[in-house]
$ cat run.cif   # mmCIF, C-alpha atoms
data_structure
loop_
_atom_site.label_atom_id
_atom_site.label_comp_id
_atom_site.auth_asym_id
_atom_site.auth_seq_id
_atom_site.Cartn_x
_atom_site.Cartn_y
_atom_site.Cartn_z
CA MET A 1 72.13 160.36 116.44
CA THR A 2 71.41 156.78 117.23
CA GLU A 3 71.72 154.00 114.71
CA TRP A 4 68.50 152.43 115.95
CA ALA A 5 65.05 153.37 114.77
CA ILE A 6 63.68 151.68 117.88
CA GLY A 7 65.52 150.60 121.01
CA THR A 8 64.28 149.20 124.30
CA GLU A 9 66.24 148.52 127.48
CA LYS A 10 64.72 146.09 129.97
CA LEU A 11 61.31 147.37 128.97
CA SER A 12 58.67 145.87 131.26
CA LYS A 13 54.97 146.14 131.85
CA HIS A 14 53.08 144.29 134.47
CA TYR A 15 49.44 144.34 135.25
CA ARG A 16 48.18 143.16 138.59
CA SER A 17 48.83 139.47 138.12
CA LEU A 18 50.37 139.41 134.66
CA GLN A 19 53.87 140.17 133.45
CA ALA A 20 52.87 141.28 129.93
CA VAL A 21 56.31 142.49 128.86
CA ASP A 22 59.31 141.27 130.78
CA GLY A 23 62.71 142.93 130.44
CA LEU A 24 62.57 143.41 126.68
CA ASN A 25 65.88 144.38 125.02
CA MET A 26 65.07 145.02 121.40
CA HIS A 27 66.98 146.91 118.73
CA VAL A 28 65.52 147.75 115.35
CA PRO A 29 68.21 149.05 112.94
CA LYS A 30 67.39 152.03 110.77
CA GLY A 31 66.38 150.95 107.29
CA ALA A 32 65.28 147.49 108.43
CA VAL A 33 62.03 145.73 107.77
CA TYR A 34 61.59 144.17 111.18
CA GLY A 35 59.04 141.43 111.78
CA PHE A 36 57.90 141.33 115.42
CA LEU A 37 56.51 137.87 115.94
CA GLY A 38 54.67 136.22 118.75
CA ARG A 39 51.61 134.22 119.65
CA ASN A 40 48.36 135.82 120.82
CA GLY A 41 49.00 137.41 124.19
CA ALA A 42 52.78 137.24 123.88
CA GLY A 43 53.15 140.96 124.56
CA LYS A 44 53.33 142.39 121.03
CA THR A 45 50.55 144.93 121.31
CA THR A 46 51.56 146.06 124.79
CA THR A 47 55.10 146.64 123.54
CA ILE A 48 53.89 148.61 120.55
CA ARG A 49 51.58 150.74 122.68
CA MET A 50 54.50 151.58 124.96
CA LEU A 51 56.58 152.55 121.90
CA MET A 52 53.86 155.01 120.89
CA GLY A 53 53.58 156.39 124.44
CA LEU A 54 50.03 155.09 124.76
CA GLN A 55 50.90 153.02 127.80
CA ARG A 56 53.41 153.71 130.53
CA ALA A 57 56.17 151.17 131.16
CA THR A 58 56.39 149.69 134.64
CA ALA A 59 60.18 149.56 134.34
CA GLY A 60 62.89 150.03 131.74
CA ALA A 61 62.97 152.42 128.82
CA ALA A 62 62.07 152.65 125.16
CA SER A 63 63.12 155.10 122.49
CA VAL A 64 62.23 155.90 118.89
CA PHE A 65 64.89 157.75 116.88
CA GLY A 66 66.61 158.38 120.20
CA MET A 67 63.54 160.11 121.66
CA SER A 68 61.94 158.85 124.85
CA CYS A 69 58.68 157.08 124.08
CA MET A 70 56.92 158.62 127.07
CA ALA A 71 58.36 162.14 127.31
CA ASP A 72 58.54 162.81 123.57
CA ARG A 73 55.43 160.99 122.48
CA ILE A 74 54.00 163.97 120.59
CA SER A 75 57.15 164.38 118.49
CA ILE A 76 57.25 160.65 117.91
CA ALA A 77 53.61 160.59 116.79
CA ARG A 78 54.41 163.15 114.08
CA ARG A 79 57.29 161.12 112.70
CA VAL A 80 55.85 157.64 112.91
CA GLY A 81 53.12 156.14 110.77
CA TYR A 82 51.19 154.06 113.27
CA VAL A 83 48.42 151.53 112.79
CA GLY A 84 47.25 150.06 116.07
CA GLU A 85 45.64 146.79 116.90
CA LYS A 86 42.13 148.26 116.92
CA LYS A 87 41.55 149.89 113.59
CA ILE A 88 39.13 152.60 114.75
CA LEU A 89 38.81 156.19 113.49
CA PHE A 90 36.11 158.86 113.77
CA GLY A 91 32.97 157.04 112.66
CA SER A 92 31.16 159.94 111.01
CA MET A 93 34.11 160.98 108.84
CA THR A 94 34.68 159.71 105.32
CA GLY A 95 38.07 158.68 103.96
CA ASN A 96 38.34 162.04 102.21
CA ASP A 97 37.50 163.86 105.47
CA LEU A 98 40.19 161.91 107.28
CA VAL A 99 42.75 162.74 104.60
CA ARG A 100 41.99 166.47 105.01
CA PHE A 101 42.16 166.09 108.79
CA ASN A 102 45.53 164.28 108.77
CA ARG A 103 47.07 166.54 106.13
CA GLU A 104 47.18 169.43 108.62
CA TYR A 105 48.90 167.43 111.30
CA PHE A 106 51.81 165.87 109.39
CA PRO A 107 54.39 168.20 107.83
CA LYS A 108 55.44 165.69 105.18
CA TRP A 109 51.94 164.54 104.23
CA SER A 110 51.50 163.62 100.55
CA ASP A 111 48.11 163.86 98.80
CA ALA A 112 49.57 162.10 95.79
CA LEU A 113 50.48 159.08 97.90
CA ALA A 114 47.07 159.07 99.58
CA GLU A 115 45.43 159.00 96.17
CA ARG A 116 47.72 156.24 94.96
CA TYR A 117 47.02 154.07 98.01
CA ALA A 118 43.25 154.63 97.80
CA LYS A 119 43.33 153.48 94.19
CA ARG A 120 45.67 150.54 94.61
CA MET A 121 43.93 149.19 97.73
CA GLU A 122 40.48 149.98 96.29
CA ILE A 123 39.19 152.02 99.24
CA PRO A 124 35.80 153.77 98.95
CA MET A 125 36.96 157.20 100.12
CA ASP A 126 33.53 158.88 100.14
CA ARG A 127 31.90 156.51 102.59
CA LYS A 128 31.70 157.17 106.33
CA PHE A 129 34.17 155.20 108.41
CA LYS A 130 31.46 153.51 110.46
CA LYS A 131 29.85 152.21 107.23
CA LEU A 132 33.05 150.57 106.04
CA SER A 133 33.71 146.84 106.23
CA LEU A 134 36.41 145.63 108.59
CA GLY A 135 38.86 145.16 105.72
CA ASN A 136 38.22 148.63 104.31
CA ARG A 137 38.68 150.18 107.78
CA THR A 138 42.07 148.51 108.04
CA LYS A 139 43.01 149.69 104.57
CA LEU A 140 42.05 153.28 105.40
CA CYS A 141 44.13 153.19 108.58
CA LEU A 142 47.07 151.94 106.52
CA LEU A 143 46.57 154.65 103.90
CA LEU A 144 46.67 157.39 106.55
CA ALA A 145 49.83 155.97 108.11
CA MET A 146 51.59 155.46 104.79
CA ALA A 147 50.74 158.85 103.24
CA GLN A 148 52.08 160.93 106.10
CA GLY A 149 55.68 160.79 104.88
CA ALA A 150 56.98 158.97 107.95
CA ASP A 151 60.50 157.59 108.32
CA LEU A 152 59.15 154.75 110.42
CA LEU A 153 56.00 152.67 110.14
CA ILE A 154 54.81 150.83 113.22
CA LEU A 155 52.08 148.43 112.20
CA ASP A 156 50.28 146.14 114.62
CA GLU A 157 48.92 143.17 112.67
CA PRO A 158 48.52 145.21 109.47
CA THR A 159 47.11 142.37 107.39
CA SER A 160 44.50 141.10 109.82
CA GLY A 161 41.13 141.19 108.10
CA LEU A 162 42.57 141.80 104.63
CA ASP A 163 41.81 139.43 101.78
CA PRO A 164 44.74 137.76 99.99
CA VAL A 165 44.62 140.15 97.01
CA VAL A 166 44.82 143.27 99.16
CA THR A 167 47.46 141.68 101.39
CA ASP A 168 49.56 141.06 98.30
CA GLU A 169 49.03 144.64 97.09
CA LEU A 170 49.93 146.02 100.51
CA LEU A 171 53.19 144.05 100.58
CA ARG A 172 54.00 145.40 97.14
CA LEU A 173 53.30 149.00 98.19
CA LEU A 174 55.41 148.61 101.31
CA VAL A 175 58.35 147.27 99.30
CA GLU A 176 57.99 149.98 96.65
CA ASP A 177 57.64 152.95 98.98
CA PHE A 178 59.11 152.06 102.34
CA THR A 179 62.25 150.06 101.76
CA ASN A 180 64.35 152.90 100.44
CA GLU A 181 66.08 155.98 101.77
CA GLY A 182 66.66 154.41 105.16
CA ARG A 183 62.99 154.16 106.00
CA THR A 184 62.10 151.55 108.59
CA ILE A 185 59.12 149.24 108.94
CA PHE A 186 58.30 147.57 112.24
CA LEU A 187 55.38 145.19 111.91
CA SER A 188 53.89 142.64 114.25
CA SER A 189 52.32 139.57 112.84
CA HIS A 190 51.68 135.94 113.24
CA HIS A 191 51.48 135.45 109.50
CA LEU A 192 54.98 134.08 109.18
CA SER A 193 54.93 133.67 105.41
CA GLU A 194 54.41 137.41 104.85
CA VAL A 195 57.12 138.33 107.29
CA GLU A 196 59.44 135.80 105.73
CA ARG A 197 59.10 137.62 102.42
CA ILE A 198 59.60 141.26 103.23
CA ALA A 199 61.45 141.30 106.54
CA ASP A 200 65.22 141.32 106.85
CA TRP A 201 65.19 141.23 110.66
CA VAL A 202 62.94 139.30 113.02
CA GLY A 203 62.31 139.44 116.73
CA ILE A 204 60.36 136.66 118.41
CA ILE A 205 58.58 137.49 121.65
CA ASP A 206 57.04 134.93 123.97
CA GLU A 207 55.55 135.49 127.42
CA GLY A 208 56.85 139.05 127.33
CA LYS A 209 60.47 138.04 126.67
CA LEU A 210 62.44 138.45 123.47
CA ARG A 211 63.48 134.89 122.59
CA LEU A 212 65.35 135.77 119.44
CA GLU A 213 66.51 138.77 117.49
CA ALA A 214 68.37 138.00 114.28
CA ARG A 215 68.84 138.72 110.62
CA LEU A 216 66.57 136.52 108.56
CA ASP A 217 69.44 135.69 106.19
CA ASP A 218 71.51 134.43 109.12
CA ILE A 219 68.64 132.18 110.18
CA ARG A 220 68.37 130.75 106.67
CA ALA A 221 72.10 130.39 106.13
CA GLU A 222 73.26 129.14 109.53
CA TYR A 223 70.45 127.88 111.72
CA ARG A 224 70.12 124.11 111.55
CA ARG A 225 67.98 121.51 113.19
CA VAL A 226 70.06 118.63 114.52
CA VAL A 227 68.28 115.41 115.40
CA ALA A 228 70.40 113.04 117.48
CA PHE A 229 69.78 109.68 119.05
CA GLY A 230 71.61 108.27 122.07
CA ARG A 231 71.51 107.70 125.81
CA ASP A 232 71.89 110.50 128.34
CA LEU A 233 72.41 113.21 125.77
CA PRO A 234 72.91 116.63 127.24
CA ALA A 235 70.32 119.37 127.10
CA ALA A 236 73.17 121.38 125.66
CA ARG A 237 73.78 124.65 127.40
CA SER A 238 75.90 126.59 125.02
CA PRO A 239 75.17 129.94 123.45
CA GLN A 240 74.94 128.47 119.97
CA VAL A 241 72.05 126.18 120.95
CA LEU A 242 68.77 128.03 120.76
CA SER A 243 66.51 125.27 121.98
CA THR A 244 66.48 121.62 122.86
CA VAL A 245 63.50 119.31 122.62
CA ALA A 246 63.79 115.94 124.33
CA GLU A 247 61.74 112.90 123.40
CA ASP A 248 62.80 109.55 124.89
CA ASP A 249 66.34 109.05 123.59
CA ASN A 250 65.89 111.63 120.83
CA ARG A 251 67.07 115.19 121.07
CA THR A 252 66.20 117.93 118.60
CA TYR A 253 68.51 120.90 118.86
CA VAL A 254 68.28 124.21 117.07
CA VAL A 255 71.83 125.34 116.50
CA THR A 256 72.60 128.88 115.41
CA LYS A 257 76.14 128.41 114.08
CA ASN A 258 79.02 125.98 113.56
CA VAL A 259 76.66 123.09 113.16
CA GLU A 260 79.37 120.67 112.00
CA ALA A 261 81.41 121.20 115.17
CA PHE A 262 78.30 120.76 117.27
CA ALA A 263 77.42 117.50 115.52
CA ALA A 264 80.99 116.25 115.93
CA GLY A 265 80.73 116.97 119.65
CA LEU A 266 77.56 114.88 119.89
CA ARG A 267 79.19 112.01 118.02
CA ASN A 268 82.08 112.13 120.48
CA GLU A 269 79.60 111.56 123.27
CA GLY A 270 78.38 108.43 121.52
CA ALA A 271 75.31 109.87 119.87
CA THR A 272 74.07 109.05 116.41
CA VAL A 273 73.31 112.19 114.46
CA LEU A 274 70.25 111.31 112.40
CA ASP A 275 69.62 114.51 110.53
CA ILE A 276 70.91 118.03 110.03
CA SER A 277 68.52 120.26 108.11
CA PRO A 278 67.80 123.94 107.54
CA LEU A 279 64.77 125.52 109.19
CA ASN A 280 62.33 128.06 107.90
CA LEU A 281 61.04 130.86 110.07
CA GLY A 282 57.90 128.96 111.01
CA GLU A 283 59.93 126.05 112.34
CA VAL A 284 62.25 128.32 114.33
CA PHE A 285 59.19 130.05 115.74
CA LEU A 286 57.57 126.78 116.80
CA GLN A 287 60.79 125.49 118.35
CA LEU A 288 61.04 128.66 120.42
CA VAL A 289 57.49 129.13 121.62
CA ARG A 290 56.13 125.60 121.89
CA LYS A 291 55.42 124.61 125.45
CA GLU A 292 55.60 120.83 125.85
CA ASP A 293 58.90 119.06 126.52
CA VAL A 294 60.90 122.14 125.85
CA CYS A 295 63.74 123.57 127.75
CA ILE A 296 64.97 126.77 126.26
CA SER A 297 68.65 127.05 126.78
CA GLY A 298 71.52 129.16 125.71
CA ASN A 299 71.55 132.81 125.00
CA ALA A 300 68.81 133.79 122.60
CA GLY A 301 70.41 137.13 121.83
CA ALA A 302 73.76 135.60 120.95
CA THR A 303 73.35 136.03 117.23
CA ARG A 304 73.83 139.78 117.30
CA ALA A 305 77.38 140.55 116.30
CA MET B 1 59.62 137.95 85.13
CA PHE B 2 60.01 134.22 85.46
CA ILE B 3 61.60 134.23 88.91
CA ARG B 4 59.68 132.66 91.79
CA VAL B 5 60.83 132.45 95.38
CA VAL B 6 59.60 130.15 98.11
CA PRO B 7 60.13 131.92 101.44
CA ALA B 8 59.28 128.90 103.55
CA SER B 9 61.82 126.54 101.97
CA GLY B 10 64.68 127.33 104.33
CA VAL B 11 66.92 128.11 101.35
CA PRO B 12 68.06 131.74 101.50
CA LEU B 13 66.00 133.80 99.07
CA TYR B 14 69.08 135.36 97.46
CA LEU B 15 70.35 131.86 96.61
CA GLN B 16 66.98 131.00 95.07
CA ILE B 17 67.22 134.08 92.86
CA GLU B 18 70.85 133.39 91.96
CA SER B 19 70.23 129.82 90.91
CA GLN B 20 67.17 130.70 88.83
CA LEU B 21 69.05 133.44 87.01
CA LYS B 22 72.01 131.12 86.43
CA HIS B 23 69.65 128.53 85.06
CA ALA B 24 67.95 131.04 82.75
CA ILE B 25 71.33 132.19 81.43
CA ALA B 26 72.67 128.66 81.00
CA ALA B 27 69.50 127.66 79.15
CA GLY B 28 69.69 130.70 76.89
CA ALA B 29 66.45 132.28 78.13
CA LEU B 30 68.59 135.27 79.07
CA LYS B 31 71.32 136.10 76.57
CA VAL B 32 74.49 138.16 76.74
CA GLY B 33 73.58 141.82 76.91
CA ASN B 34 69.99 141.23 78.05
CA ALA B 35 68.92 143.58 80.82
CA LEU B 36 67.78 142.31 84.22
CA LEU B 37 65.00 144.02 86.14
CA PRO B 38 66.27 146.75 88.44
CA VAL B 39 66.67 145.61 92.05
CA ARG B 40 63.72 147.56 93.41
CA LYS B 41 61.44 146.48 90.61
CA LEU B 42 62.18 142.79 90.99
CA ALA B 43 61.82 143.14 94.77
CA ALA B 44 58.39 144.74 94.37
CA GLU B 45 57.31 142.04 91.93
CA LEU B 46 58.35 139.29 94.30
CA ARG B 47 57.16 141.20 97.39
CA ILE B 48 60.53 140.69 99.02
CA ASN B 49 63.09 142.92 100.65
CA PRO B 50 65.23 144.78 98.07
CA ASN B 51 68.36 143.96 100.08
CA THR B 52 67.75 140.32 99.22
CA VAL B 53 67.68 141.02 95.49
CA ALA B 54 70.69 143.33 95.76
CA ARG B 55 72.64 140.56 97.47
CA ALA B 56 71.83 138.06 94.71
CA TYR B 57 72.90 140.57 92.05
CA GLN B 58 76.14 141.36 93.92
CA ASN B 59 77.03 137.68 94.13
CA LEU B 60 76.34 137.14 90.44
CA GLU B 61 78.36 140.21 89.55
CA ARG B 62 81.28 139.03 91.69
CA ASP B 63 81.23 135.79 89.73
CA GLY B 64 81.26 137.71 86.46
CA ILE B 65 77.85 136.40 85.37
CA ILE B 66 76.20 139.80 85.22
CA ARG B 67 77.58 143.31 85.18
CA THR B 68 76.14 146.59 86.40
CA ILE B 69 76.73 149.87 84.65
CA PRO B 70 76.39 152.63 87.24
CA GLY B 71 73.17 154.44 86.46
CA GLY B 72 72.65 152.31 83.37
CA GLY B 73 71.22 149.03 84.58
CA THR B 74 72.27 145.43 85.04
CA PHE B 75 73.05 143.09 82.15
CA VAL B 76 74.04 139.52 81.42
CA ALA B 77 77.82 139.64 81.01
CA GLU B 78 79.98 138.32 78.17
CA ASN B 79 80.41 134.63 78.68
CA THR B 80 83.76 134.88 80.41
CA PRO B 81 83.16 134.24 84.09
CA GLY B 82 86.37 135.32 85.78
CA LEU B 83 86.84 132.19 87.82
CA LEU B 84 89.72 129.75 87.71
CA LYS B 85 88.74 126.34 86.45
CA SER B 86 89.80 124.78 89.75
CA GLU B 87 87.39 127.12 91.56
CA LYS B 88 84.56 126.26 89.19
CA LEU B 89 85.18 122.56 89.78
CA ARG B 90 85.36 123.08 93.52
CA ARG B 91 81.92 124.68 93.50
CA LEU B 92 80.40 121.94 91.43
CA ARG B 93 81.85 119.06 93.44
CA PRO B 94 79.13 118.99 96.15
CA PHE B 95 76.47 118.62 93.43
CA ALA B 96 78.41 115.77 91.85
CA MET B 97 78.69 114.12 95.24
CA GLN B 98 74.97 114.44 95.84
CA LEU B 99 74.24 112.93 92.45
CA ALA B 100 76.63 110.08 93.16
CA VAL B 101 75.08 109.38 96.56
CA GLU B 102 71.48 109.48 95.34
CA GLY B 103 72.34 107.41 92.29
CA THR B 104 74.09 104.76 94.33
CA GLN B 105 71.17 104.62 96.75
CA LEU B 106 68.89 103.90 93.81
CA ARG B 107 71.27 101.14 92.64
CA LEU B 108 72.05 102.93 89.40
CA ASN B 109 75.40 102.17 87.84
CA GLN B 110 78.04 104.66 86.82
CA GLU B 111 77.02 104.53 83.19
CA ASP B 112 73.40 105.45 83.97
CA ILE B 113 74.42 108.40 86.09
CA VAL B 114 76.86 109.81 83.55
CA LYS B 115 74.20 109.36 80.86
CA LEU B 116 71.76 111.42 82.94
CA VAL B 117 74.24 114.27 83.18
CA LYS B 118 74.85 114.15 79.43
CA GLU B 119 71.11 114.24 78.75
CA ALA B 120 70.68 117.23 81.04
CA LEU B 121 73.46 119.05 79.20
CA GLU B 122 71.86 118.27 75.85
CA GLU B 123 68.51 119.52 77.09
CA LEU B 124 70.08 122.84 78.07
CA GLY B 125 71.82 123.02 74.71
CA GLU B 126 68.52 122.80 72.81
CA GLY B 127 67.33 126.02 74.40
CA LYS B 128 70.25 128.01 72.93
#
$ encode --input "run.cif" --output "structure tokens"
Amino acid sequence: MTEWAIGTEKLSKHYRSLQAVDGLNMHVPKGAVYGFLGRNGAGKTTTIRMLMGLQRATAGAASVFGMSCMADRISIARRVGYVGEKKILFGSMTGNDLVRFNREYFPKWSDALAERYAKRMEIPMDRKFKKLSLGNRTKLCLLLAMAQGADLLILDEPTSGLDPVVTDELLRLLVEDFTNEGRTIFLSSHHLSEVERIADWVGIIDEGKLRLEARLDDIRAEYRRVVAFGRDLPAARSPQVLSTVAEDDNRTYVVTKNVEAFAAGLRNEGATVLDISPLNLGEVFLQLVRKEDVCISGNAGATRA
Amino acid sequence: MFIRVVPASGVPLYLQIESQLKHAIAAGALKVGNALLPVRKLAAELRINPNTVARAYQNLERDGIIRTIPGGGTFVAENTPGLLKSEKLRRLRPFAMQLAVEGTQLRLNQEDIVKLVKEALEELGEGK
């Protein structure tokens, strides 16, 4: 048995002129709520489709519960609750039809849960899928994934198109039903505030590469922004420096640990340290994926013990 | 429950929960023997990861502020936190330093600052 719910080794996908996913090494621990973050076009959906065996990797490998995502995709599909980017189901079927249809396929399906989710998310279950609003389609897709008794949920942008009330209810349902008994949630999003609430792990992908994989608590407790002022400051190349942004004689560093020692080092080089402050997830995200004046340095994966 | 967390603040969520519970206990809103919400229930209410709540509870229990009876819930403990006085003072010192720095910046004198602390203590006392 592997300790990972999801693992990828140098997973890559390139299309003719585009490297969509580029040597991704990602590890999602069992029992985690893992927020998979990235901008539009960063490679999130391509990665998720490869995890579900819906697209073939150009190179590298991916596994779910130790099973190969390509070879064992049928077994994986039965054990994973999956909501894809495009929330599309059979148009002429109603919610109730789809429940009956899915019940046969998943051994651990629960009608009681399906009923509970329909009620709590206010889904009209007797209306045909094609007649549903975008939000209700998304909700129905979520219901089907969540009622199948899966040990792992893989959700691609689960809250897109949901109003704030339903989003809040969904987060509550996920915490109540999927954060126990070693169940794992892997969700992609660019709504950082939601992820910041329920996730305990985050991975940040940009241009197909994993820029960061860390425990959210470690980010909050140890990551600091250091603003320094001085001539000829280094674009520090040490593993504890996640990014450096240069602006005239100012440098903004994101340091992942031992911030006091790092600041002392800068002072030794004649710099004035103007500010040391904690960062929230949104700020870490921006520091990592922003384009202008940035040189990413150090080893982004260095936070894993 | 009265607890609110601000995910985007950069302060770890478990610390936010700890400090709010400490405040509620110090102010008498939660009294000795009062039950706290179970971990999973508070997590669901706040829409946050249960591990985060569990960590806050563990830290408070380690400090003797709350106690958990296996299978029986979590309660506000007797008012005998098992910490040495020197340890208590050590923990409080950074707050005192911050107060001193901010106060000095604002050109307040020692008397004013000490008076503020006294007033804050009195305010807490009224809630008991």
$ closest_residue --input "run.cif" --among "B:Val6, B:Val114, B:Ala27, B:Pro38" --to "Gly71 (chain B)" --atoms "only C-alpha atoms"
B:Pro38
$ closest_atom_pairs --input "run.cif" --of "chain A" --to "chain B" --cutoff "12 Å" --atoms "all atoms listed in the file" --output "tab-separated table"
residue	atom	partner	partner_atom	distance
A:Gly31	CA	B:Asn51	CA	10.2
A:Ala32	CA	B:Asn49	CA	9.3
A:Val33	CA	B:Asn49	CA	7.7
A:Tyr34	CA	B:Asn49	CA	10.7
A:Gly35	CA	B:Asn49	CA	11.9
A:Thr167	CA	B:Arg47	CA	10.5
A:Asp168	CA	B:Arg47	CA	7.7
A:Glu169	CA	B:Arg47	CA	8.8
A:Leu170	CA	B:Arg47	CA	9.2
A:Leu171	CA	B:Arg47	CA	5.8
A:Arg172	CA	B:Ala44	CA	5.2
A:Leu173	CA	B:Ala44	CA	7.7
A:Leu174	CA	B:Ala44	CA	8.5
A:Val175	CA	B:Ala44	CA	5.5
A:Glu176	CA	B:Ala44	CA	5.7
A:Asp177	CA	B:Ala44	CA	9.4
A:Phe178	CA	B:Asn49	CA	10.1
A:Thr179	CA	B:Pro50	CA	7.1
A:Asn180	CA	B:Pro50	CA	8.5
A:Glu181	CA	B:Pro50	CA	11.8
A:Gly182	CA	B:Asn51	CA	11.7
A:Thr184	CA	B:Asn49	CA	11.8
A:Ile185	CA	B:Asn49	CA	11.2
A:His191	CA	B:Ala8	CA	11.8
A:Leu192	CA	B:Ala8	CA	8.8
A:Ser193	CA	B:Ala8	CA	6.7
A:Glu194	CA	B:Pro7	CA	8.6
A:Val195	CA	B:Pro7	CA	9.2
A:Glu196	CA	B:Pro7	CA	5.8
A:Arg197	CA	B:Ile48	CA	4.8
A:Ile198	CA	B:Ile48	CA	4.3
A:Ala199	CA	B:Asn49	CA	6.3
A:Asp200	CA	B:Asn49	CA	6.7
A:Trp201	CA	B:Asn49	CA	10.4
A:Arg215	CA	B:Pro12	CA	11.5
A:Leu216	CA	B:Pro12	CA	8.7
A:Asp217	CA	B:Pro12	CA	6.3
A:Asp218	CA	B:Pro12	CA	8.8
A:Ile219	CA	B:Gly10	CA	8.6
A:Arg220	CA	B:Pro12	CA	5.3
A:Ala221	CA	B:Pro12	CA	6.3
A:Glu222	CA	B:Pro12	CA	9.9
A:Tyr223	CA	B:Gly10	CA	9.4
A:Arg224	CA	B:Gly10	CA	9.6
A:Arg225	CA	B:Gly10	CA	11.1
A:Ser277	CA	B:Gly10	CA	8.9
A:Pro278	CA	B:Gly10	CA	5.6
A:Leu279	CA	B:Gly10	CA	5.2
A:Asn280	CA	B:Gly10	CA	4.3
A:Leu281	CA	B:Ala8	CA	7.0
A:Gly282	CA	B:Ala8	CA	7.6
A:Glu283	CA	B:Ala8	CA	9.3
A:Val284	CA	B:Gly10	CA	10.3
$ atom_distance --input "run.cif" --atom1 "CA of Ala26 (chain B)" --atom2 "CA of Thr104 (chain B)"
27.4 Å
$ resolve_selection --input "run.cif" --expression "the PyMOL selection byres ((chain A and resi 13) around 6)" --output "list in words"
Ser12, His14, Ala20, Val21, Ala57 and Thr58 of chain A
$ closest_residue --input "run.cif" --among "A:Ala5, A:Ile154, A:Pro124, A:Glu104" --to "Ala77 (chain A)" --atoms "all atoms listed in the file"
A:Ile154
$ resolve_selection --input "run.cif" --expression "the PyMOL selection byres ((chain A and resi 228) around 10)" --output "list in words"
Arg225, Val226, Val227, Phe229, Gly230, Arg231, Leu233, Ala246, Asp249, Asn250, Arg251, Thr252, Tyr253, Ala263, Leu266, Arg267, Ala271, Thr272, Val273, Leu274, Asp275 and Ile276 of chain A
$ closest_residue --input "run.cif" --among "B:Ser19, B:Asn59, B:Asn34, B:Asn109" --to "Thr74 (chain B)" --atoms "only C-alpha atoms"
B:Asn34
$ closest_residue --input "run.cif" --among "B:Leu42, B:Leu60, B:Ile69, B:Ala54" --to "Ile3 (chain B)" --atoms "all atoms listed in the file"
B:Leu42
$ axis_aligned_box --input "run.cif" --around "region 43-55 of chain B" --padding-each-side "5 Å" --output "AutoDock Vina command-line options"
--center_x 64.9 --center_y 142.0 --center_z 96.3 --size_x 25.5 --size_y 15.5 --size_z 18.7
$ residues_around --input "run.cif" --residues "region 128-144 of chain A" --least-positions-apart "3" --cutoff "6 Å" --atoms "only C-alpha atoms" --output "ChimeraX atom specification"
/A:87,91-94,117,147,161-162
$ residues_around --input "run.cif" --residues "Ala114 (chain A)" --least-positions-apart "3" --cutoff "12 Å" --atoms "all atoms listed in the file" --output "ChimeraX atom specification"
/A:95-96,98-100,102-103,109-111,117-123,125,139-149,173
$ atom_distance --input "run.cif" --atom1 "CA of Ile74 (chain A)" --atom2 "CA of Gly53 (chain A)"
8.5 Å
$ atom_distance --input "run.cif" --atom1 "CA of Gly64 (chain B)" --atom2 "CA of Val76 (chain B)"
9.0 Å
$ closest_residue --input "run.cif" --among "A:Leu187, A:Met50, A:Leu288, A:Val80" --to "Thr159 (chain A)" --atoms "all atoms listed in the file"
A:Leu187
$ closest_residue --input "run.cif" --among "B:Ala56, B:Arg90, B:Gly28, B:Ala96" --to "Gly125 (chain B)" --atoms "all atoms listed in the file"
B:Gly28
$ residues_around --input "run.cif" --residues "region 65-68 of chain B" --least-positions-apart "3" --cutoff "8 Å" --atoms "only C-alpha atoms" --output "PDB file with C-alpha atoms, in the coordinates of the input"
ATOM      1  CA  LYS B  22      72.010 131.120  86.430  1.00  0.00           C
ATOM      2  CA  TYR B  57      72.900 140.570  92.050  1.00  0.00           C
ATOM      3  CA  LEU B  60      76.340 137.140  90.440  1.00  0.00           C
ATOM      4  CA  GLU B  61      78.360 140.210  89.550  1.00  0.00           C
ATOM      5  CA  ARG B  62      81.280 139.030  91.690  1.00  0.00           C
ATOM      6  CA  GLY B  72      72.650 152.310  83.370  1.00  0.00           C
ATOM      7  CA  GLY B  73      71.220 149.030  84.580  1.00  0.00           C
ATOM      8  CA  THR B  74      72.270 145.430  85.040  1.00  0.00           C
ATOM      9  CA  PHE B  75      73.050 143.090  82.150  1.00  0.00           C
ATOM     10  CA  VAL B  76      74.040 139.520  81.420  1.00  0.00           C
ATOM     11  CA  ALA B  77      77.820 139.640  81.010  1.00  0.00           C
ATOM     12  CA  GLU B  78      79.980 138.320  78.170  1.00  0.00           C
ATOM     13  CA  ASN B  79      80.410 134.630  78.680  1.00  0.00           C
ATOM     14  CA  THR B  80      83.760 134.880  80.410  1.00  0.00           C
ATOM     15  CA  PRO B  81      83.160 134.240  84.090  1.00  0.00           C
TER      16      PRO B  81
END
$ residues_around --input "run.cif" --residues "Val289 (chain A)" --least-positions-apart "4" --cutoff "12 Å" --atoms "all atoms listed in the file" --output "ChimeraX atom specification"
/A:37-40,42,204-212,242-245,282-285,293-296
$ resolve_selection --input "run.cif" --expression "the PyMOL selection byres ((chain A and resi 241) around 6)" --output "PDB file with C-alpha atoms, keeping the file's coordinate frame"
ATOM      1  CA  SER A 238      75.900 126.590 125.020  1.00  0.00           C
ATOM      2  CA  PRO A 239      75.170 129.940 123.450  1.00  0.00           C
ATOM      3  CA  GLN A 240      74.940 128.470 119.970  1.00  0.00           C
ATOM      4  CA  LEU A 242      68.770 128.030 120.760  1.00  0.00           C
ATOM      5  CA  SER A 243      66.510 125.270 121.980  1.00  0.00           C
ATOM      6  CA  VAL A 254      68.280 124.210 117.070  1.00  0.00           C
ATOM      7  CA  VAL A 255      71.830 125.340 116.500  1.00  0.00           C
ATOM      8  CA  GLY A 298      71.520 129.160 125.710  1.00  0.00           C
TER       9      GLY A 298
END
